[in-house]
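Here the structure is laid out as structure tokens; the discussion comes afterwards.
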Amino acid sequence: MAAACTRALCKVGWSILESPAARRPGTVSYLLGNVSARGSRRAYGTGGTGYRSKLLSSLRTGGGSRRVLGCAVLLGGGLGLYHTVKFRLQQHLAEEETKAPEGGLKLTLYQYKTCPFCSKVRAFLDYHGLPYEIVEVNPVMRQEIKWSTYRKVPILMVNEDVQLNDSSVIISSIKTYLINKEKSMTDIIRCYPEMKATNDRGKQVTEYANKYWLMLSEDETAALYPEKGIQKEEMKWRQWADDWLVHLISPNVYRTTGEALASFDYIVREGKFGSFEGFFAKYVGAVAMFIISKRLKSRHNLQDDVRQDLYKAVNEWVAAIGKKRKFMGGDHPNLADLAVFGVLRVMEGLQAFDDMMANTKVKHWYRRMERASLNHEGRE
């Protein structure tokens with residue numbers, strides 16, 4: 001629409017300039033030549049009474065007024081064209097940034113922004129510089145994933161035809177593809193078969209075999225894990241993030257009624273809720289999660305002061321990295337680094353996060369991870 005208006009302005013300007021009255025001799029040289037000859041001071045109308053009287057005299061003539069009007073319209077059209085082209089260029093560059101590279105993967109992530117498992121996937125994709133689109137799912141109605149029989153998030157759609165479920169399966173399968181692009185995503189996902197199981201509360205759950213393994217050849221595995229034991233170490237801590245660390249988040253962010261309300265205020269702001277749903281989630285949800293967090297504390301045998309369990313877990317993680325390594329992966333983050341970072345990141349902006357940063361040794365590692373993720377340092 002902007003481009004069409006600009007073209008119309010240009011046509012009008014040229015039609016005015018091409019009119020017989022506008023083509024009277026001397027008009028162009030007076031309006032343009034004299035201004036340039038007298039300098040920029042007179043271009044802003046400060047050249048004295050003689051200049052002003054000549055200008056006013058020219059404006060009183062039909063040709064002069066038409067010439068001025070034509071120049072003004074052309075100038076407006078030119079500026080409009082410039083801004084239109086600039087906007088289109090910026091829009092094109094923005095689209096290119098989110099477009100999958102040639103031969104790459106087109107990825108769409110269905111998520112809740114504040115979900116730690118979804119945050120793990122985003123941390124992995126961001127670190128590796130993989131472009132992806134986000135579909136924020138309404139946690140109440142979940143209409144955005146009604147097409148899927150798998151009713152949890154995250155879900156990652158690959159090239160619009162391969163569905164990956166479970167955060168650890170998503171990360172393992174995409175990492176496998178990045179190392180060995182000869183395998184299709186369809187072939188890779190077959191290596192993580194779905195299994196139905198019953199948990200300790202008698203509820204049927206879906207699990208995935210091999211989800212902490214990368215499906216690589218011996219040579220590829222040796223190149224990725226050159227030192228003995230580092231593959232098992234990575235797998236161990238990835239599982240630790242899923243089976244232990246993630247269960248410390250809710251009891252800590254909903255530890256008190258005040259913290260529960262602050263947490264749900266953040267969830268509502270960052271999530272996809274209707275106005276009524278947001279009000280209901282913020283106040284009723286905060287109370288409900290405060291109560292549920294007490295049950296979670298009992299289920300996972302946490303201390304009365306759940307902060308101590310969080311501090312202990314985080315310091316255990318830092319101790320496992322040691323003083324000689326920047327990351328568990330050495331000079332660069334590995335999949336365990338990305339998993340732990342993704343889980344802890346969902347507490348940012350909340351009291352639990354501030355307390356963790358102040359009372360544990362995790363701060364320096366966390367800031368290094370933050371930079372690595374933002375700078376896409378794992379991009380090929």
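In the structure tokens, each chain is lettered A, B, ... as it comes, each chain's residues begin at 1, and ligands are numbered from 1 in order of appearance.
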Legend entry - Residue neighbourhood range 304-319 of chain A, 8 Å, only C-alpha atoms, exclusion window fewer than 5 positions, as number ranges by chain: A: 245, 248, 251-252, 255, 297, 352, 356, 359-362, 365
Output N, CA, C and O atoms of each residue in that selection to a file, as a PDB file, in the first residue's frame.
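The file below, again.pdb, is the result:
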ATOM      1  N   LEU A 245      16.901 -32.213  38.822  1.00  0.00           N
ATOM      2  CA  LEU A 245      16.951 -30.752  38.852  1.00  0.00           C
ATOM      3  C   LEU A 245      15.608 -30.123  38.504  1.00  0.00           C
ATOM      4  O   LEU A 245      15.169 -29.175  39.159  1.00  0.00           O
ATOM      5  N   LEU A 248      13.060 -29.592  41.220  1.00  0.00           N
ATOM      6  CA  LEU A 248      13.335 -28.587  42.254  1.00  0.00           C
ATOM      7  C   LEU A 248      12.774 -27.217  41.884  1.00  0.00           C
ATOM      8  O   LEU A 248      12.708 -26.330  42.735  1.00  0.00           O
ATOM      9  N   PRO A 251       8.814 -26.426  43.533  1.00  0.00           N
ATOM     10  CA  PRO A 251       8.816 -26.163  44.971  1.00  0.00           C
ATOM     11  C   PRO A 251       9.536 -24.869  45.339  1.00  0.00           C
ATOM     12  O   PRO A 251       9.210 -24.245  46.348  1.00  0.00           O
ATOM     13  N   ASN A 252      10.492 -24.439  44.523  1.00  0.00           N
ATOM     14  CA  ASN A 252      11.230 -23.219  44.843  1.00  0.00           C
ATOM     15  C   ASN A 252      10.544 -21.958  44.344  1.00  0.00           C
ATOM     16  O   ASN A 252      10.556 -20.937  45.031  1.00  0.00           O
ATOM     17  N   ARG A 255       7.395 -21.417  46.570  1.00  0.00           N
ATOM     18  CA  ARG A 255       7.743 -21.723  47.965  1.00  0.00           C
ATOM     19  C   ARG A 255       6.828 -21.017  48.956  1.00  0.00           C
ATOM     20  O   ARG A 255       6.414 -21.588  49.965  1.00  0.00           O
ATOM     21  N   LYS A 297       7.195 -31.379  47.389  1.00  0.00           N
ATOM     22  CA  LYS A 297       8.282 -31.415  48.368  1.00  0.00           C
ATOM     23  C   LYS A 297       8.286 -32.740  49.102  1.00  0.00           C
ATOM     24  O   LYS A 297       9.337 -33.352  49.307  1.00  0.00           O
ATOM     25  N   ALA A 352      13.679 -16.996  43.479  1.00  0.00           N
ATOM     26  CA  ALA A 352      14.471 -18.228  43.558  1.00  0.00           C
ATOM     27  C   ALA A 352      15.748 -18.114  42.742  1.00  0.00           C
ATOM     28  O   ALA A 352      16.816 -18.585  43.155  1.00  0.00           O
ATOM     29  N   MET A 356      19.557 -18.192  44.173  1.00  0.00           N
ATOM     30  CA  MET A 356      20.492 -19.195  43.682  1.00  0.00           C
ATOM     31  C   MET A 356      21.800 -18.548  43.228  1.00  0.00           C
ATOM     32  O   MET A 356      22.899 -19.029  43.547  1.00  0.00           O
ATOM     33  N   ASN A 359      23.796 -17.383  46.366  1.00  0.00           N
ATOM     34  CA  ASN A 359      24.182 -18.338  47.411  1.00  0.00           C
ATOM     35  C   ASN A 359      24.820 -19.629  46.888  1.00  0.00           C
ATOM     36  O   ASN A 359      24.998 -20.581  47.645  1.00  0.00           O
ATOM     37  N   THR A 360      25.150 -19.669  45.603  1.00  0.00           N
ATOM     38  CA  THR A 360      25.836 -20.836  45.048  1.00  0.00           C
ATOM     39  C   THR A 360      27.016 -20.365  44.203  1.00  0.00           C
ATOM     40  O   THR A 360      27.230 -19.158  44.023  1.00  0.00           O
ATOM     41  N   LYS A 361      27.747 -21.310  43.651  1.00  0.00           N
ATOM     42  CA  LYS A 361      28.918 -20.993  42.836  1.00  0.00           C
ATOM     43  C   LYS A 361      28.611 -21.073  41.338  1.00  0.00           C
ATOM     44  O   LYS A 361      29.528 -21.169  40.518  1.00  0.00           O
ATOM     45  N   VAL A 362      27.360 -20.994  40.989  1.00  0.00           N
ATOM     46  CA  VAL A 362      26.948 -21.227  39.606  1.00  0.00           C
ATOM     47  C   VAL A 362      27.064 -20.001  38.711  1.00  0.00           C
ATOM     48  O   VAL A 362      27.019 -20.120  37.482  1.00  0.00           O
ATOM     49  N   TRP A 365      29.651 -19.843  35.569  1.00  0.00           N
ATOM     50  CA  TRP A 365      29.274 -20.810  34.533  1.00  0.00           C
ATOM     51  C   TRP A 365      28.007 -20.366  33.826  1.00  0.00           C
ATOM     52  O   TRP A 365      27.910 -20.435  32.593  1.00  0.00           O
TER      53      TRP A 365
END
Legend entry - For range 160-169 of chain A: contacts at 8 Å, only C-alpha atoms, fewer than 2 positions along chain excluded, given as a PyMOL selection string: chain A and resi 106-108+117-118+120-121+150+153-158+171-173+185-186+189+192+208+211-212
Please return as a short mmCIF file (atom, residue, chain, number, x, y, z; two decimals) with all heavy atoms, in the first residue's frame: the residues of range 102-349 of chain A that backbone DSSP assigns to strand (DSSP E).
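And here is the file that came out, states.cif:
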data_model
loop_
_atom_site.label_atom_id
_atom_site.label_comp_id
_atom_site.auth_asym_id
_atom_site.auth_seq_id
_atom_site.Cartn_x
_atom_site.Cartn_y
_atom_site.Cartn_z
N LEU A 107 12.12 -25.82 11.22
CA LEU A 107 11.74 -26.24 12.57
C LEU A 107 10.64 -25.35 13.13
O LEU A 107 10.72 -24.12 13.03
CB LEU A 107 12.95 -26.20 13.50
CG LEU A 107 14.19 -26.99 13.05
CD1 LEU A 107 15.35 -26.75 14.01
CD2 LEU A 107 13.87 -28.47 12.95
N THR A 108 9.64 -25.98 13.73
CA THR A 108 8.57 -25.25 14.43
C THR A 108 8.42 -25.85 15.81
O THR A 108 8.15 -27.05 15.95
CB THR A 108 7.23 -25.35 13.67
OG1 THR A 108 7.41 -24.86 12.33
CG2 THR A 108 6.16 -24.53 14.36
N LEU A 109 8.60 -25.02 16.83
CA LEU A 109 8.56 -25.47 18.22
C LEU A 109 7.24 -25.07 18.87
O LEU A 109 6.91 -23.89 18.95
CB LEU A 109 9.72 -24.87 19.01
CG LEU A 109 9.78 -25.19 20.50
CD1 LEU A 109 9.98 -26.69 20.74
CD2 LEU A 109 10.88 -24.39 21.19
N TYR A 110 6.48 -26.05 19.33
CA TYR A 110 5.25 -25.82 20.09
C TYR A 110 5.64 -25.89 21.57
O TYR A 110 6.17 -26.90 22.03
CB TYR A 110 4.19 -26.87 19.75
CG TYR A 110 3.69 -26.76 18.34
CD1 TYR A 110 4.42 -27.28 17.27
CD2 TYR A 110 2.49 -26.11 18.06
CE1 TYR A 110 3.97 -27.16 15.96
CE2 TYR A 110 2.04 -25.99 16.74
CZ TYR A 110 2.78 -26.52 15.71
OH TYR A 110 2.33 -26.39 14.41
N GLN A 111 5.34 -24.82 22.31
CA GLN A 111 5.90 -24.72 23.66
C GLN A 111 5.02 -23.90 24.61
O GLN A 111 4.10 -23.21 24.19
CB GLN A 111 7.25 -24.01 23.56
CG GLN A 111 7.12 -22.53 23.14
CD GLN A 111 8.26 -21.66 23.59
OE1 GLN A 111 9.36 -22.10 23.85
NE2 GLN A 111 8.01 -20.37 23.71
N TYR A 132 14.25 -21.28 13.99
CA TYR A 132 13.01 -22.00 14.28
C TYR A 132 11.90 -21.03 14.57
O TYR A 132 12.14 -19.90 15.02
CB TYR A 132 13.20 -22.96 15.47
CG TYR A 132 13.59 -22.29 16.77
CD1 TYR A 132 12.64 -21.99 17.75
CD2 TYR A 132 14.91 -21.95 17.04
CE1 TYR A 132 12.99 -21.39 18.95
CE2 TYR A 132 15.28 -21.35 18.23
CZ TYR A 132 14.32 -21.06 19.18
OH TYR A 132 14.67 -20.46 20.37
N GLU A 133 10.71 -21.46 14.27
CA GLU A 133 9.52 -20.68 14.60
C GLU A 133 8.92 -21.20 15.90
O GLU A 133 9.01 -22.40 16.20
CB GLU A 133 8.49 -20.77 13.47
CG GLU A 133 8.95 -20.15 12.17
CD GLU A 133 7.89 -20.24 11.08
OE1 GLU A 133 6.76 -20.69 11.41
OE2 GLU A 133 8.19 -19.88 9.94
N ILE A 134 8.29 -20.32 16.65
CA ILE A 134 7.68 -20.69 17.93
C ILE A 134 6.17 -20.56 17.82
O ILE A 134 5.66 -19.55 17.32
CB ILE A 134 8.20 -19.81 19.08
CG1 ILE A 134 9.66 -20.17 19.41
CG2 ILE A 134 7.33 -19.96 20.32
CD1 ILE A 134 10.26 -19.30 20.49
N VAL A 135 5.47 -21.56 18.28
CA VAL A 135 4.02 -21.49 18.45
C VAL A 135 3.76 -21.62 19.95
O VAL A 135 3.99 -22.68 20.53
CB VAL A 135 3.28 -22.59 17.68
CG1 VAL A 135 1.78 -22.53 17.96
CG2 VAL A 135 3.56 -22.48 16.18
N GLU A 136 3.33 -20.53 20.56
CA GLU A 136 3.03 -20.55 22.00
C GLU A 136 1.67 -21.22 22.20
O GLU A 136 0.67 -20.81 21.61
CB GLU A 136 3.03 -19.13 22.56
CG GLU A 136 3.00 -19.05 24.07
CD GLU A 136 4.28 -19.53 24.72
OE1 GLU A 136 5.34 -19.54 24.06
OE2 GLU A 136 4.23 -19.90 25.91
N ILE A 155 6.83 -29.94 21.51
CA ILE A 155 6.74 -30.72 20.27
C ILE A 155 7.55 -29.94 19.23
O ILE A 155 7.38 -28.72 19.10
CB ILE A 155 5.29 -30.88 19.78
CG1 ILE A 155 4.47 -31.72 20.76
CG2 ILE A 155 5.25 -31.49 18.39
CD1 ILE A 155 2.99 -31.79 20.42
N LEU A 156 8.40 -30.62 18.50
CA LEU A 156 9.15 -29.98 17.44
C LEU A 156 8.78 -30.62 16.11
O LEU A 156 8.95 -31.83 15.93
CB LEU A 156 10.66 -30.10 17.67
CG LEU A 156 11.54 -29.31 16.69
CD1 LEU A 156 11.43 -27.81 16.96
CD2 LEU A 156 13.01 -29.75 16.77
N MET A 157 8.23 -29.81 15.21
CA MET A 157 7.94 -30.29 13.86
C MET A 157 9.13 -29.99 12.96
O MET A 157 9.64 -28.87 12.94
CB MET A 157 6.69 -29.61 13.31
CG MET A 157 5.39 -30.06 13.97
SD MET A 157 5.08 -31.84 13.82
CE MET A 157 4.97 -32.02 12.03
N VAL A 158 9.56 -31.02 12.24
CA VAL A 158 10.72 -30.90 11.35
C VAL A 158 10.23 -31.01 9.91
O VAL A 158 9.61 -32.01 9.54
CB VAL A 158 11.76 -32.00 11.65
CG1 VAL A 158 12.97 -31.85 10.74
CG2 VAL A 158 12.17 -31.96 13.12
N VAL A 162 7.71 -34.38 10.13
CA VAL A 162 8.24 -35.27 11.16
C VAL A 162 8.02 -34.63 12.53
O VAL A 162 8.46 -33.51 12.76
CB VAL A 162 9.74 -35.56 10.95
CG1 VAL A 162 10.27 -36.46 12.06
CG2 VAL A 162 9.98 -36.21 9.59
N GLN A 163 7.33 -35.33 13.41
CA GLN A 163 7.02 -34.81 14.74
C GLN A 163 7.96 -35.43 15.76
O GLN A 163 8.05 -36.66 15.89
CB GLN A 163 5.57 -35.12 15.11
CG GLN A 163 5.19 -34.63 16.51
CD GLN A 163 3.74 -34.92 16.84
OE1 GLN A 163 2.92 -35.11 15.95
NE2 GLN A 163 3.41 -34.97 18.13
N LEU A 164 8.66 -34.57 16.51
CA LEU A 164 9.54 -35.03 17.58
C LEU A 164 8.93 -34.64 18.92
O LEU A 164 8.58 -33.48 19.14
CB LEU A 164 10.93 -34.39 17.45
CG LEU A 164 11.67 -34.61 16.12
CD1 LEU A 164 13.04 -33.93 16.17
CD2 LEU A 164 11.82 -36.08 15.81
N ASN A 165 8.81 -35.62 19.82
CA ASN A 165 8.27 -35.40 21.15
C ASN A 165 9.35 -35.64 22.19
O ASN A 165 10.30 -36.37 21.95
CB ASN A 165 7.10 -36.36 21.42
CG ASN A 165 6.03 -36.28 20.35
OD1 ASN A 165 5.77 -35.21 19.79
ND2 ASN A 165 5.40 -37.40 20.05
N GLU A 194 8.89 -45.25 21.09
CA GLU A 194 7.98 -44.86 22.17
C GLU A 194 7.60 -46.08 23.00
O GLU A 194 7.36 -47.16 22.45
CB GLU A 194 6.74 -44.23 21.55
CG GLU A 194 5.72 -43.72 22.55
CD GLU A 194 4.52 -43.10 21.85
OE1 GLU A 194 4.70 -42.13 21.10
OE2 GLU A 194 3.40 -43.62 22.06
N MET A 195 7.57 -45.91 24.32
CA MET A 195 7.21 -47.00 25.23
C MET A 195 6.17 -46.50 26.23
O MET A 195 6.30 -45.38 26.74
CB MET A 195 8.44 -47.51 25.98
CG MET A 195 9.58 -47.99 25.11
SD MET A 195 10.96 -48.61 26.11
CE MET A 195 11.36 -47.15 27.07
N LYS A 196 5.17 -47.32 26.50
CA LYS A 196 4.18 -47.01 27.51
C LYS A 196 4.59 -47.68 28.82
O LYS A 196 4.99 -48.84 28.84
CB LYS A 196 2.80 -47.50 27.09
CG LYS A 196 2.27 -46.86 25.81
CD LYS A 196 2.01 -45.37 25.98
CE LYS A 196 1.41 -44.77 24.70
NZ LYS A 196 1.19 -43.32 24.84
N ALA A 197 4.50 -46.93 29.90
CA ALA A 197 4.88 -47.47 31.20
C ALA A 197 3.95 -46.91 32.26
O ALA A 197 3.20 -45.96 32.03
CB ALA A 197 6.33 -47.12 31.52
N THR A 198 3.98 -47.51 33.44
CA THR A 198 3.19 -47.04 34.58
C THR A 198 4.15 -46.54 35.65
O THR A 198 5.07 -47.25 36.07
CB THR A 198 2.31 -48.18 35.15
OG1 THR A 198 1.47 -48.69 34.10
CG2 THR A 198 1.45 -47.68 36.28
N GLN A 204 -0.31 -44.04 33.73
CA GLN A 204 0.38 -44.46 32.52
C GLN A 204 1.12 -43.27 31.91
O GLN A 204 0.56 -42.19 31.74
CB GLN A 204 -0.59 -45.04 31.49
CG GLN A 204 0.12 -45.70 30.31
CD GLN A 204 -0.84 -46.31 29.31
OE1 GLN A 204 -1.68 -45.61 28.75
NE2 GLN A 204 -0.74 -47.63 29.11
N VAL A 205 2.37 -43.47 31.58
CA VAL A 205 3.20 -42.41 31.02
C VAL A 205 3.87 -42.92 29.74
O VAL A 205 4.00 -44.13 29.53
CB VAL A 205 4.27 -41.93 32.02
CG1 VAL A 205 3.63 -41.26 33.22
CG2 VAL A 205 5.16 -43.08 32.46
N THR A 206 4.29 -41.97 28.92
CA THR A 206 5.01 -42.31 27.69
C THR A 206 6.49 -42.03 27.88
O THR A 206 6.88 -40.93 28.30
CB THR A 206 4.49 -41.47 26.51
OG1 THR A 206 3.09 -41.72 26.35
CG2 THR A 206 5.22 -41.83 25.23
N GLU A 207 7.30 -43.01 27.62
CA GLU A 207 8.75 -42.84 27.69
C GLU A 207 9.37 -43.19 26.34
O GLU A 207 8.70 -43.76 25.47
CB GLU A 207 9.36 -43.71 28.79
CG GLU A 207 9.57 -42.98 30.11
CD GLU A 207 10.55 -41.81 29.99
OE1 GLU A 207 11.32 -41.75 28.99
OE2 GLU A 207 10.53 -40.93 30.85
N TYR A 208 10.64 -42.85 26.19
CA TYR A 208 11.34 -43.10 24.93
C TYR A 208 12.67 -43.77 25.21
O TYR A 208 13.46 -43.30 26.04
CB TYR A 208 11.55 -41.78 24.17
CG TYR A 208 10.26 -41.15 23.74
CD1 TYR A 208 9.54 -40.31 24.60
CD2 TYR A 208 9.71 -41.43 22.49
CE1 TYR A 208 8.34 -39.75 24.22
CE2 TYR A 208 8.51 -40.87 22.09
CZ TYR A 208 7.82 -40.03 22.96
OH TYR A 208 6.61 -39.49 22.59
#
Inset, instruction - Output as a count of residues only all residues of range 136-292 of chain A that backbone DSSP marks as helix (DSSP H, G or I). - result: 83
